[in-house]
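Trainee: Right, I'll just put the structure down here and ask away after.
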Amino acid sequence: MRLLKKSIDTNPPDWLVELTGDEITATILYNRGQKDREKALEYLFPEKYTPVQVGEFTGIEIALKLVQKHINNNSNILIYGDYDVDGVSSTTILVETLTQLNANVDYHIPDRFKEGYGMNKSSIVKHADNVDLIITCDCGISNLEEVELAKKLGIEVIITDHHDLPEQLPEADVILTPKFLAKDHPAYYLPGAGMAYHFARALLSHYQEEDFAKKLFDMLVLAVIADVVPLIGENRYLFQIGIDYLKNSDRPGLKALYKQLDLKRNDIDEKTIGFRLGPVINAVGRMEHASKAVDLFLAKKANKAASLAAELVIINKERKKIGEKIYQQITEQLLEDVEEVIILYKPDWHQGIIGIIAGRLVEDYQLPVLLMTDQREGDLLTGSARSPAGININLILKQVSNLLVKYGGHAAAAGFSLERSQIAKFKEQVQAIIKNKQHQEQEKLIEADLEIDFKQIDLNLYNNLRKLAPFGELNPEPIFYSPGVNVEYDRLISGGRHRKMIISNGKKKMKAIWWWGGQYELSNKVSVAFQIDLNKYQGKEEIQLIIKGVEAREQIKHAKIKNKNFQQDSLVNKLKLIDYRQQILEDIPVNKPGYLYFFEGEGETKHYPLVNRYYNRQGKRLYLLTNPPSLEILAETLLLSEVEELVLVNRKTRPVRVDIFLKKILGTIKFAILKKSGILHITEIASLLGETEETIITSLEFLKLAGKINFNYLTYQEIFIEKIDQASSGKFQLKREELIGQLKESNAFRNYLVTRTMDEIKNLIITQLK
């Protein structure tokens, strides 16, 4: 991995600095092509944007006249959709629009397992006697033979799609696609629902029903986010103006789904769409039939919508349950040290779920994963492949394509099928390719938008950068570059997979997280690429850096990694410990300038300003009103607060009983479900309960194995959690013992701070910092 600074113009015009709020944000925006004042205004302020006009789409007038003809003739129109969120949303948009125009309209969503993606010949034949016009959405652009069949059967066909154009187009009556536009056109990257929406707009305008188009925004925004299209141009605009329509939708199906998921309207954003709503909608297509999702969004009565929403949530829970069973089977089967690749086959794994599980395993092991199972329909095996950054899984499949019936995908994810007789050769050849490093892409480059100094990083910059959001493909979150920074301190977290760091440029210290940085050994001076993130805790906000890449380090494979810590000599030399352990808490000075008070866990205190592992500030003296659960957290706090004096306060400790601790955890889970839509921030809960992040994770894993909860990671620090009631796993007692051990360890450190001499404690701290 190499860090590379982009060649950029660092002198943005004054008008852009004024619009964005600072020179750094203006520089990034200017170098992303916003060099015209009017275009920049459109980008930053949706009310200034000029929306795409429906007439800009090739063929839309012909399609409009064709639909008008069929409405006038009282013909039967079939909307032919797809089984993912984009297909479901597109289908809903077109069915609702044609219903509003009094057309005779029905829809068909293909069965994932029996029909597969796109138009299906048997389904076309099935509908031939009762359909005069087929309008596809989110599919059709590659269905040459299927369109030809429909035409032979006397059915006219309008294709609305957004996928890349094939070499030969089907001979439909009309094809509507943003891919006919120039690549720099603002609508080029519309999702399927975007093309369906603009076609709906044209129809509604023709029939003087323009106001109805606003009722379609909720479905449109759902697809824009869930289909992970580039959030630029028309997509950015549609999201910006449409998100409030999704939050405040009057659609009975969405209102029922929000209620089933305990989603508050104000909680609905890119994250909840991507991790809460999207998976529920997609699950029904993976497990049963996606028509239930369309029925939900078309439902007019609240009782029907409630019933369907409940069914979708149950199906998603079953998907999670089956997925968890597969995941547990695999993790129990794998040896602890998996060397190169995970390739597994089991005939009864669920075909619609193995891709999700492969993705989870890549996250856990940072290795390519290929999972196979029997096809539900047919005699072949079907497989899903996923890979971490730097390994092109599609290239691997290409090299063994002689063994496959078909394959397709991209660098990080692909699907394939093969005959059962080829499985041994397939596994052997894939392992050989990976062992011989024939899969690797060129050395990964991380391109930073701009080099900046730590002194330029503050809340104002963070808030100005958020004006560029929403981020996504072709509008990535900015990456910054700082050369020659000092690694003052770092520690491994999450079982050694990730790193928490304190880095400085000699003048200013910054907290940083390096996800998957645990496999590297750091030197004490590095160059870093990073994004700027924000921690929020009890009304306080603090900047944290997310490390994206580091130079001047060596990779270590399959090794036990110890913390390697660095510290400015000045803190070690000047730190003074003061013993207040015999004094009562009431005698501790309150709110004195330069005095800080470390406080975590339950209870209240009158002392201020408070600091903890999550929120820090600088001062002269630090009082430990509560003792931290680990030496590493104490060391981090001392470094960031830059105090000269550490005061130990008498805090009697007693062993933490595991059952009482689990009750507290369950209490925080209940609160998260009721008040935060089931989202828990691991570091925040660790600080609230006064335990290490590892202890919190272990307790959640125990409750999961015990059948009490289920959770999924939204980010590396946030999880979505829900209560369940199911049979426990055989491993939950081992996890309980692990939890007991962690609680004993944190209690032992607290006791050390209470019982040992000042010299012993200082020596321990200095040893940790050196």
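Identifiers for the structure tokens are assigned positionally: chains receive A, B, ... in sequence, residues are indexed from 1 per chain, and ligands are indexed from 1 in the order shown.
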Could you list, as a PyMOL selection string, every residue within 7 Å of A:Ala358, counting only C-alpha atoms and ignoring same-chain residues fewer than 2 positions away?

Mentor: chain A and resi 354-356+360-362+369-371+385-386

Trainee: Taking the backbone alone, and naming residues the way the document does, which bits of stretch 87-307 of chain A are strand (DSSP E) by DSSP, as a list in words?

Mentor: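 So the strand (DSSP E) residues in stretch 87-307 of chain A would be Asn104, Val105, Asp106, Tyr107, His108, Leu133, Ile134, Ile135, Thr136, Cys137, Glu156, Val157, Ile158, Ile159, Thr160, Val174, Ile175 and Leu176 of chain A.
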
Trainee: Of the candidates A:Asn130, A:Gln328, A:Asn460, A:Asn486, which one gets nearest to A:Gly21 if we count only C-alpha atoms?

Mentor: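 Of all the options, A:Asn460 lies closest to A:Gly21.
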
Trainee: Would you mind reading off the distance between atom CA of A:Ile28 and atom CA of A:Tyr462, one decimal, in Å?

Mentor: 13.1 Å

Trainee: Go through stretch 244-264 of chain A and flag each residue having an atom no more than 12 Å from stretch 72-95 of chain A; for those, report the closest pair of atoms plus their distance in Å to one decimal, using only C-alpha atoms, ordered by chain and rising number, as a Markdown table.

Mentor:
```
| residue | atom | partner | partner_atom | distance |
| --- | --- | --- | --- | --- |
| A:Arg251 | CA | A:Thr92 | CA | 11.5 |
| A:Gly253 | CA | A:Thr92 | CA | 11.4 |
| A:Leu254 | CA | A:Ser89 | CA | 11.8 |
```

Trainee: Could you pull out the helix (DSSP H, G or I) residues of stretch 360-524 of chain A from DSSP and send them as number ranges by chain?

Mentor: A: 360-365, 393-399, 401-403, 420-435, 454-456, 459-468

Trainee: What is the atom CA of A:Leu216-atom CA of A:Val294 distance in Å, reported with one decimal?

Mentor: 13.5 Å

Trainee: Using only C-alpha atoms, which protein or nucleic acid residues come within 10 Å of stretch 706-710 of chain A? Drop anything in the same chain fewer than 5 positions from it, and give the result as a list of chain:residue names.

Mentor: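 So the residues in contact are A:Lys317, A:Lys320, A:Lys321, A:Glu324, A:Leu666, A:Ile669, A:Leu700, A:Glu701, A:Ile719, A:Phe720, A:Ile721, A:Glu722, A:Lys723, A:Ile724, A:Asp725, A:Gln726, A:Ala727, A:Ser728, A:Ser729, A:Gly730, A:Lys731, A:Phe732, A:Gln733, A:Lys735, A:Arg736.
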
Trainee: Between atom CA of A:Gly601 and atom CA of A:Leu624, measure the distance and give it in Å to one decimal.

Mentor: 12.3 Å

Trainee: Give me the residues near A:Gly140 as a VMD selection string, where near means some atom within 12 Å (using only C-alpha atoms) and where sequence neighbours in that chain fewer than 4 positions away do not count.

Mentor: chain A and resid 79 to 82 87 117 to 120 134 to 136 144 to 148 150 157 to 166 169 to 172 174 to 177 192
